[in-house]
Structure formats: C-alpha cells, structure tokens
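Below: model_6.tsv (TSV, C-alpha atoms)
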```tsv
chain	number	residue	atom	x	y	z
A	1	GLU	CA	-20.87	3.18	3.92
A	2	THR	CA	-18.59	0.22	4.61
A	3	GLY	CA	-18.95	0.03	8.39
A	4	VAL	CA	-15.38	1.22	8.86
A	5	THR	CA	-14.98	4.85	9.89
A	6	GLN	CA	-11.72	6.76	9.81
A	7	THR	CA	-11.00	10.13	11.37
A	8	PRO	CA	-9.77	12.64	10.52
A	9	ARG	CA	-10.31	12.44	6.78
A	10	HIS	CA	-7.61	15.03	6.18
A	11	LEU	CA	-4.64	15.95	8.35
A	12	VAL	CA	-1.80	18.41	7.84
A	13	MET	CA	1.05	18.26	10.30
A	14	GLY	CA	4.55	19.54	10.75
A	15	MET	CA	7.51	17.22	11.17
A	16	THR	CA	7.71	17.89	14.91
A	17	ASN	CA	4.00	17.36	15.63
A	18	LYS	CA	2.38	14.37	17.26
A	19	LYS	CA	-0.99	13.31	15.93
A	20	SER	CA	-3.14	10.18	15.78
A	21	LEU	CA	-5.36	8.57	13.19
A	22	LYS	CA	-8.41	6.72	14.43
A	23	CYS	CA	-10.33	3.83	12.93
A	24	GLU	CA	-13.54	2.28	14.21
A	25	GLN	CA	-15.35	-0.70	12.75
A	26	HIS	CA	-19.02	-1.48	13.39
A	27	LEU	CA	-19.01	-4.91	11.77
A	28	GLY	CA	-18.11	-7.14	14.71
A	29	HIS	CA	-14.87	-8.19	13.00
A	30	ASN	CA	-11.87	-9.53	14.90
A	31	ALA	CA	-9.01	-8.38	12.66
A	32	MET	CA	-7.93	-4.87	11.74
A	33	TYR	CA	-5.29	-3.53	9.38
A	34	TRP	CA	-3.40	-0.37	8.48
A	35	TYR	CA	-2.38	0.17	4.86
A	36	LYS	CA	-0.44	3.06	3.35
A	37	GLN	CA	-0.98	4.34	-0.19
A	38	SER	CA	1.55	6.82	-1.50
A	39	ALA	CA	0.98	8.69	-4.73
A	40	LYS	CA	1.09	6.38	-7.76
A	41	LYS	CA	2.19	3.40	-5.66
A	42	PRO	CA	0.37	0.19	-4.70
A	43	LEU	CA	-1.14	-0.17	-1.28
A	44	GLU	CA	1.41	-1.27	1.32
A	45	LEU	CA	0.39	-3.32	4.33
A	46	MET	CA	1.72	-1.76	7.54
A	47	PHE	CA	0.20	-3.57	10.51
A	48	VAL	CA	-2.21	-6.41	11.23
A	49	TYR	CA	-4.07	-7.03	14.47
A	50	ASN	CA	-5.93	-10.25	15.25
A	51	PHE	CA	-8.03	-10.29	18.40
A	52	LYS	CA	-6.19	-7.13	19.54
A	53	GLU	CA	-2.79	-8.77	19.15
A	54	GLN	CA	-0.34	-7.45	16.58
A	55	THR	CA	0.47	-10.25	14.15
A	56	GLU	CA	2.21	-8.30	11.43
A	57	ASN	CA	4.60	-5.36	11.37
A	58	ASN	CA	5.76	-4.91	7.83
A	59	SER	CA	9.10	-3.22	8.66
A	60	VAL	CA	7.37	0.02	9.48
A	61	PRO	CA	9.54	2.82	10.98
A	62	SER	CA	9.04	3.42	14.67
A	63	ARG	CA	7.69	6.92	14.04
A	64	PHE	CA	4.44	5.06	13.27
A	65	SER	CA	3.03	3.45	16.40
A	66	PRO	CA	-0.18	1.40	16.22
A	67	GLU	CA	-2.54	0.77	19.09
A	68	CYS	CA	-5.49	-1.61	19.22
A	69	PRO	CA	-7.32	-1.27	22.55
A	70	ASN	CA	-10.16	-3.57	21.47
A	71	SER	CA	-11.38	-5.37	18.37
A	72	SER	CA	-13.42	-2.38	17.23
A	73	HIS	CA	-10.82	0.38	17.47
A	74	LEU	CA	-7.44	0.91	15.89
A	75	PHE	CA	-5.17	3.91	16.17
A	76	LEU	CA	-2.04	4.99	14.35
A	77	HIS	CA	0.06	7.37	16.42
A	78	LEU	CA	2.33	9.63	14.39
A	79	HIS	CA	5.40	11.51	15.58
A	80	THR	CA	8.37	13.20	13.93
A	81	LEU	CA	7.17	12.26	10.49
A	82	GLN	CA	8.95	13.08	7.25
A	83	PRO	CA	7.46	14.71	4.14
A	84	GLU	CA	7.72	11.35	2.33
A	85	ASP	CA	5.23	9.95	4.84
A	86	SER	CA	2.54	12.02	3.17
A	87	ALA	CA	0.03	9.49	1.88
A	88	LEU	CA	-3.46	8.07	2.17
A	89	TYR	CA	-3.67	5.85	5.24
A	90	LEU	CA	-6.33	3.19	5.00
A	91	CYS	CA	-7.83	1.12	7.76
A	92	ALA	CA	-9.58	-2.17	7.10
A	93	SER	CA	-11.24	-4.93	9.06
A	94	SER	CA	-12.13	-8.56	8.44
A	95	GLN	CA	-13.57	-11.58	10.18
A	96	VAL	CA	-10.98	-14.29	10.71
A	97	THR	CA	-12.39	-17.70	11.55
A	98	SER	CA	-10.54	-20.95	10.92
A	99	GLY	CA	-8.33	-19.28	8.38
A	100	ALA	CA	-7.41	-15.85	7.13
A	101	SER	CA	-10.01	-13.79	5.33
A	102	GLY	CA	-9.34	-12.06	2.05
A	103	GLU	CA	-12.57	-10.09	2.32
A	104	LEU	CA	-11.48	-6.83	3.85
A	105	PHE	CA	-13.73	-3.87	4.48
A	106	PHE	CA	-11.88	-0.59	4.04
A	107	GLY	CA	-12.56	2.85	5.41
A	108	GLU	CA	-12.44	5.99	3.28
A	109	GLY	CA	-8.90	6.73	4.41
A	110	SER	CA	-7.11	9.58	6.15
A	111	ARG	CA	-5.19	11.85	3.78
A	112	LEU	CA	-2.01	12.92	5.59
A	113	THR	CA	0.23	15.77	4.48
A	114	VAL	CA	3.52	16.32	6.31
A	115	LEU	CA	5.06	19.74	5.85
B	1	ASP	CA	5.37	-9.38	-4.48
B	2	ALA	CA	2.08	-9.51	-6.34
B	3	LYS	CA	1.54	-12.89	-7.98
B	4	THR	CA	-0.77	-11.60	-10.68
B	5	THR	CA	-0.38	-9.75	-13.96
B	6	GLN	CA	-2.94	-7.30	-15.28
B	7	PRO	CA	-2.86	-4.90	-18.23
B	8	PRO	CA	-2.29	-1.33	-16.97
B	9	SER	CA	-5.49	0.07	-18.41
B	10	MET	CA	-8.63	-0.66	-20.38
B	11	ASP	CA	-11.51	1.35	-21.81
B	12	CYS	CA	-15.10	0.25	-22.03
B	13	ALA	CA	-18.26	1.84	-23.39
B	14	GLU	CA	-21.07	2.54	-20.96
B	15	GLY	CA	-23.71	-0.17	-21.03
B	16	ARG	CA	-21.38	-2.75	-22.50
B	17	ALA	CA	-19.85	-5.68	-20.67
B	18	ALA	CA	-16.37	-5.03	-19.29
B	19	ASN	CA	-14.11	-8.10	-19.30
B	20	LEU	CA	-11.07	-7.57	-17.07
B	21	PRO	CA	-8.30	-10.17	-17.51
B	22	CYS	CA	-5.80	-11.40	-14.94
B	23	ASN	CA	-2.95	-13.88	-15.21
B	24	HIS	CA	-1.85	-15.88	-12.17
B	25	SER	CA	0.19	-18.69	-13.69
B	26	THR	CA	1.99	-19.58	-10.43
B	27	ILE	CA	-1.18	-19.94	-8.35
B	28	SER	CA	-1.14	-22.92	-6.01
B	29	GLY	CA	-3.99	-25.34	-5.51
B	30	ASN	CA	-5.40	-23.79	-2.34
B	31	GLU	CA	-5.00	-20.12	-3.24
B	32	TYR	CA	-8.08	-18.09	-4.02
B	33	VAL	CA	-8.46	-15.34	-6.60
B	34	TYR	CA	-9.84	-12.11	-5.15
B	35	TRP	CA	-10.94	-8.96	-6.95
B	36	TYR	CA	-11.12	-5.49	-5.47
B	37	ARG	CA	-11.62	-2.08	-6.97
B	38	GLN	CA	-10.66	1.40	-5.82
B	39	ILE	CA	-12.52	4.44	-6.98
B	40	HIS	CA	-10.37	7.56	-6.95
B	41	SER	CA	-9.26	8.58	-3.44
B	42	GLN	CA	-11.53	6.07	-1.71
B	43	GLY	CA	-10.75	2.84	0.08
B	44	PRO	CA	-10.67	-0.40	-1.94
B	45	GLN	CA	-13.93	-2.28	-2.24
B	46	TYR	CA	-14.21	-6.07	-2.26
B	47	ILE	CA	-15.95	-7.38	-5.38
B	48	ILE	CA	-15.79	-11.16	-5.55
B	49	HIS	CA	-13.55	-14.16	-5.02
B	50	GLY	CA	-13.29	-17.77	-6.18
B	51	LEU	CA	-11.21	-20.92	-6.05
B	52	LYS	CA	-11.96	-22.86	-9.21
B	53	ASN	CA	-15.65	-22.61	-9.97
B	54	ASN	CA	-17.14	-19.59	-11.66
B	55	GLU	CA	-18.77	-17.18	-9.25
B	56	THR	CA	-21.44	-14.51	-9.61
B	57	ASN	CA	-22.81	-11.91	-7.25
B	58	GLU	CA	-24.74	-8.67	-7.57
B	59	MET	CA	-21.65	-6.78	-8.66
B	60	ALA	CA	-19.84	-9.05	-11.09
B	61	SER	CA	-19.02	-12.52	-12.39
B	62	LEU	CA	-15.69	-14.26	-12.02
B	63	ILE	CA	-14.59	-16.79	-14.62
B	64	ILE	CA	-11.57	-18.91	-13.72
B	65	THR	CA	-9.95	-21.08	-16.37
B	66	GLU	CA	-9.82	-24.82	-15.82
B	67	ASP	CA	-6.06	-24.76	-15.23
B	68	ARG	CA	-6.58	-21.79	-12.85
B	69	LYS	CA	-3.76	-19.85	-14.47
B	70	SER	CA	-5.95	-16.95	-15.44
B	71	SER	CA	-9.30	-15.39	-14.67
B	72	THR	CA	-11.67	-12.76	-16.00
B	73	LEU	CA	-13.82	-10.37	-14.01
B	74	ILE	CA	-16.97	-9.46	-15.89
B	75	LEU	CA	-19.02	-6.35	-15.20
B	76	PRO	CA	-22.11	-7.15	-17.27
B	77	HIS	CA	-23.34	-3.60	-17.90
B	78	ALA	CA	-20.61	-1.11	-17.13
B	79	THR	CA	-21.62	2.32	-15.86
B	80	LEU	CA	-19.60	5.51	-15.44
B	81	ARG	CA	-19.40	4.73	-11.71
B	82	ASP	CA	-17.45	1.56	-12.51
B	83	THR	CA	-14.45	3.70	-13.53
B	84	ALA	CA	-11.81	2.64	-11.02
B	85	VAL	CA	-8.57	0.74	-10.52
B	86	TYR	CA	-9.28	-3.00	-10.36
B	87	TYR	CA	-7.01	-5.32	-8.42
B	88	CYS	CA	-6.70	-9.05	-8.99
B	89	ILE	CA	-5.11	-10.73	-5.96
B	90	VAL	CA	-4.10	-14.28	-5.16
B	91	PHE	CA	-4.60	-15.10	-1.51
B	92	LEU	CA	-4.11	-18.12	0.73
B	93	THR	CA	-6.87	-18.40	3.31
B	94	GLN	CA	-5.76	-21.52	5.17
B	95	GLY	CA	-2.49	-21.32	7.03
B	96	GLY	CA	-1.55	-18.21	5.14
B	97	SER	CA	0.19	-15.16	6.46
B	98	GLU	CA	-2.97	-13.07	6.23
B	99	LYS	CA	-1.33	-10.57	3.92
B	100	LEU	CA	-3.58	-9.28	1.18
B	101	VAL	CA	-0.97	-7.91	-1.23
B	102	PHE	CA	-2.16	-5.33	-3.74
B	103	GLY	CA	-0.30	-4.86	-7.00
B	104	LYS	CA	-0.59	-1.93	-9.40
B	105	GLY	CA	-3.98	-3.05	-10.64
B	106	MET	CA	-5.67	-2.07	-13.88
B	107	LYS	CA	-7.37	1.26	-14.54
B	108	LEU	CA	-10.78	0.75	-16.13
B	109	THR	CA	-12.30	3.82	-17.75
B	110	VAL	CA	-15.94	3.60	-18.71
B	111	ASN	CA	-16.74	6.10	-21.44
B	112	PRO	CA	-20.18	7.59	-22.17
```

Could I get this file's structure written as structure tokens?
Amino acid sequence: ETGVTQTPRHLVMGMTNKKSLKCEQHLGHNAMYWYKQSAKKPLELMFVYNFKEQTENNSVPSRFSPECPNSSHLFLHLHTLQPEDSALYLCASSQVTSGASGELFFGEGSRLTVL
Amino acid sequence: DAKTTQPPSMDCAEGRAANLPCNHSTISGNEYVYWYRQIHSQGPQYIIHGLKNNETNEMASLIITEDRKSSTLILPHATLRDTAVYYCIVFLTQGGSEKLVFGKGMKLTVNP
C-alpha cells in the first residue's frame, strides 16, 4: 500500500468510447504525475501537476486530457484512443518543497486495452 | 534521455548479496542518484537516493564512487521477492525540471 490509489485497475474500451482514469493520493503531497508504460518500453512521463497547476505536458496527444481538481485527485480523461494507446498508466505523487522531489510514490496502475 | 547505463540483466542466488551497478559518468555536481524498482505489472517503488556519501536504509545500501561517475545498489540478503527491474536515475532536485526520467533499467532475477 503506497498511499496512491488508482481506479479502475483494468479498462477495456473501444476507439470511440470516452472513459476516465482516476488517481487519489492520501499522503498530503502537492505534486502529482501521469506516466505511461507501453509493453517492453521505459516509463514515459506524460503530465506533471504542482499545487493543481499543470507544469509539464510532455507532447501528449490531445486525446489524453488531464484534470487536477485538487492536490489529492488527478484524472486522465480518454477519448477516441488508438490501439497503440494500450498501456499501463501510472499515477504518482510527491512532496515538492524548495526544490523538486525525486521520491515519487506510485499507484498500482490502470491497465488500459483499446480495441 | 536517461543519463545512466545499467547492464540489461543480472542473476543472484537467494540469500546472497546482490550488487547492482550503474554508470553515470556525465553526472553534474548537484545531481542526485536515485534507485527505484518495479516488480512485474506494479508501479515503481522508491528504494534509496544519495548525492556523494554512501547511504543505507531498511531496503538497501547505496555506494557512490568518490568521482561520482558510478554507483552500486546493494541488497544485502536477496530474496525471491526482490526479483524486479531496477532503475538507476540521475535527478536534479534544485532548479530542475522535475522530470524523473526512467531508462530501461536492469532485470534482477533472484534464484532459489
């Protein structure tokens, strides 16, 4: 139990569907992240939020839309995805003080399959 | 791009010490070395980090060479549950871009 909870753990969707991934952290952290891990590839950073403000968008296609309503919750809204978007989507949080933190706490991930 | 180099895989016998090497020859003076591991289909788990002194916690020890160009993560008594992909990452905490960049890592297999 890392203190970061992701739901759903598994999701199957068609290319025309709209779905959302949810992440909640119970650690009192002020930064949250979305990473993508495709099969046999390194983790790729997608988005970073600091104090609810997006500070990083790593050239992610617009069919992925993040939302951070508060420091404890992070969503990833999905629409018109492609089969190559099938991957493990990982949420993480950290406490940023005077500088960035390299100590991230990850959730278990949401395994997404796009048909 | 990842700024570290790790061997792709390593085997270790259960109960023995596992010494995981990492090269980071271009590390700058204020960059830290972080280690994470990822057990199959789970999220990565933070293990330890250091700047120049050796560090130890309940999970592992981190030995950084004096010139800081390489480091070794030591799992003192490896168990089957330590089988995972281990990532060595160089990260700037002050004034950095807050990007923790994961490379391919190294697959450690602990054998009974």

For this session: Write out as a PyMOL selection string which residues come within 7 Å of segment 83-91 of chain B when counting only C-alpha atoms, dropping same-chain ones fewer than 3 positions away.
Result: (chain A and resi 102) or (chain B and resi 3-4+22+31-40+80+100-103+105-110)

Emit the selected residues as a compact mmCIF listing (two decimals), keeping the file's coordinate frame, including C-alpha atoms.
```txt
# COMPACT_ATOMS: atom_id res chain seq x y z
CA GLY A 102 -9.34 -12.06 2.05
CA LYS B 3 1.54 -12.89 -7.98
CA THR B 4 -0.77 -11.60 -10.68
CA CYS B 22 -5.80 -11.40 -14.94
CA GLU B 31 -5.00 -20.12 -3.24
CA TYR B 32 -8.08 -18.09 -4.02
CA VAL B 33 -8.46 -15.34 -6.60
CA TYR B 34 -9.84 -12.11 -5.15
CA TRP B 35 -10.94 -8.96 -6.95
CA TYR B 36 -11.12 -5.49 -5.47
CA ARG B 37 -11.62 -2.08 -6.97
CA GLN B 38 -10.66 1.40 -5.82
CA ILE B 39 -12.52 4.44 -6.98
CA HIS B 40 -10.37 7.56 -6.95
CA LEU B 80 -19.60 5.51 -15.44
CA LEU B 100 -3.58 -9.28 1.18
CA VAL B 101 -0.97 -7.91 -1.23
CA PHE B 102 -2.16 -5.33 -3.74
CA GLY B 103 -0.30 -4.86 -7.00
CA GLY B 105 -3.98 -3.05 -10.64
CA MET B 106 -5.67 -2.07 -13.88
CA LYS B 107 -7.37 1.26 -14.54
CA LEU B 108 -10.78 0.75 -16.13
CA THR B 109 -12.30 3.82 -17.75
CA VAL B 110 -15.94 3.60 -18.71
```

Can you write out as JSON lines which residues of segment 27-92 of chain B fall within 12 Å of segment 1-9 of chain A, alongside each residue's closest atom pair and its distance in Å to one decimal, counting only C-alpha atoms and ordering rows by chain and ascending residue number?
```
{"residue": "B:Ser41", "atom": "CA", "partner": "A:Arg9", "partner_atom": "CA", "distance": 11.0}
{"residue": "B:Gln42", "atom": "CA", "partner": "A:Arg9", "partner_atom": "CA", "distance": 10.7}
{"residue": "B:Gly43", "atom": "CA", "partner": "A:Thr2", "partner_atom": "CA", "distance": 9.4}
{"residue": "B:Pro44", "atom": "CA", "partner": "A:Thr2", "partner_atom": "CA", "distance": 10.3}
{"residue": "B:Gln45", "atom": "CA", "partner": "A:Thr2", "partner_atom": "CA", "distance": 8.7}
{"residue": "B:Tyr46", "atom": "CA", "partner": "A:Thr2", "partner_atom": "CA", "distance": 10.3}
```

For the residues selected in the previous step, produce a file with C-alpha atoms as an mmCIF file, keeping the file's coordinate frame.
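Result file result00.cif:
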```
data_model
loop_
_atom_site.group_PDB
_atom_site.id
_atom_site.type_symbol
_atom_site.label_atom_id
_atom_site.label_comp_id
_atom_site.auth_asym_id
_atom_site.auth_seq_id
_atom_site.Cartn_x
_atom_site.Cartn_y
_atom_site.Cartn_z
ATOM 1 C CA SER B 41 -9.260 8.580 -3.440
ATOM 2 C CA GLN B 42 -11.530 6.070 -1.710
ATOM 3 C CA GLY B 43 -10.750 2.840 0.080
ATOM 4 C CA PRO B 44 -10.670 -0.400 -1.940
ATOM 5 C CA GLN B 45 -13.930 -2.280 -2.240
ATOM 6 C CA TYR B 46 -14.210 -6.070 -2.260
#
```

Proximity of chain A to chain B: per-residue shortest pair, 9 Å limit, only C-alpha atoms, as CSV:
```
residue,atom,partner,partner_atom,distance
A:Thr2,CA,B:Gln45,CA,8.7
A:Lys40,CA,B:Lys104,CA,8.6
A:Lys41,CA,B:Lys104,CA,7.1
A:Pro42,CA,B:Lys104,CA,5.2
A:Leu43,CA,B:Phe102,CA,5.8
A:Glu44,CA,B:Phe102,CA,7.4
A:Leu45,CA,B:Val101,CA,7.3
A:Val48,CA,B:Glu98,CA,8.4
A:Glu56,CA,B:Lys99,CA,8.6
A:Leu88,CA,B:Ser41,CA,8.1
A:Leu90,CA,B:Gly43,CA,6.6
A:Cys91,CA,B:Gly43,CA,8.4
A:Ala92,CA,B:Gly43,CA,8.7
A:Ser98,CA,B:Gln94,CA,7.5
A:Gly99,CA,B:Gln94,CA,4.7
A:Ala100,CA,B:Thr93,CA,4.6
A:Ser101,CA,B:Thr93,CA,5.9
A:Gly102,CA,B:Leu100,CA,6.5
A:Glu103,CA,B:Tyr46,CA,6.3
A:Leu104,CA,B:Tyr46,CA,6.7
A:Phe105,CA,B:Gln45,CA,6.9
A:Phe106,CA,B:Gly43,CA,5.4
A:Gly107,CA,B:Gly43,CA,5.6
A:Glu108,CA,B:Gly43,CA,4.8
A:Gly109,CA,B:Gly43,CA,6.1
A:Arg111,CA,B:Ser41,CA,8.9
```

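Interatomic distance, atom CA of Ser28 of chain B to atom CA of Met10 of chain B: 27.5 Å.
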
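Nearest residue to Gly15 of chain B, choosing from B:Met59, B:Pro76, B:Arg81, B:Lys52 and counting only C-alpha atoms: B:Pro76.
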
Seminar exercise, completed: What separates atom CA of Ile63 of chain B and atom CA of Ser93 of chain A is a distance of 26.7 Å

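The interatomic distance for the pair atom CA of Tyr35 of chain A and atom CA of Ser110 of chain A works out to 10.6 Å.
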
Seminar exercise, completed: From the list B:Ile27, B:Ile64, B:Thr79, B:Leu51, the nearest residue to Asn111 of chain B using only C-alpha atoms is B:Thr79
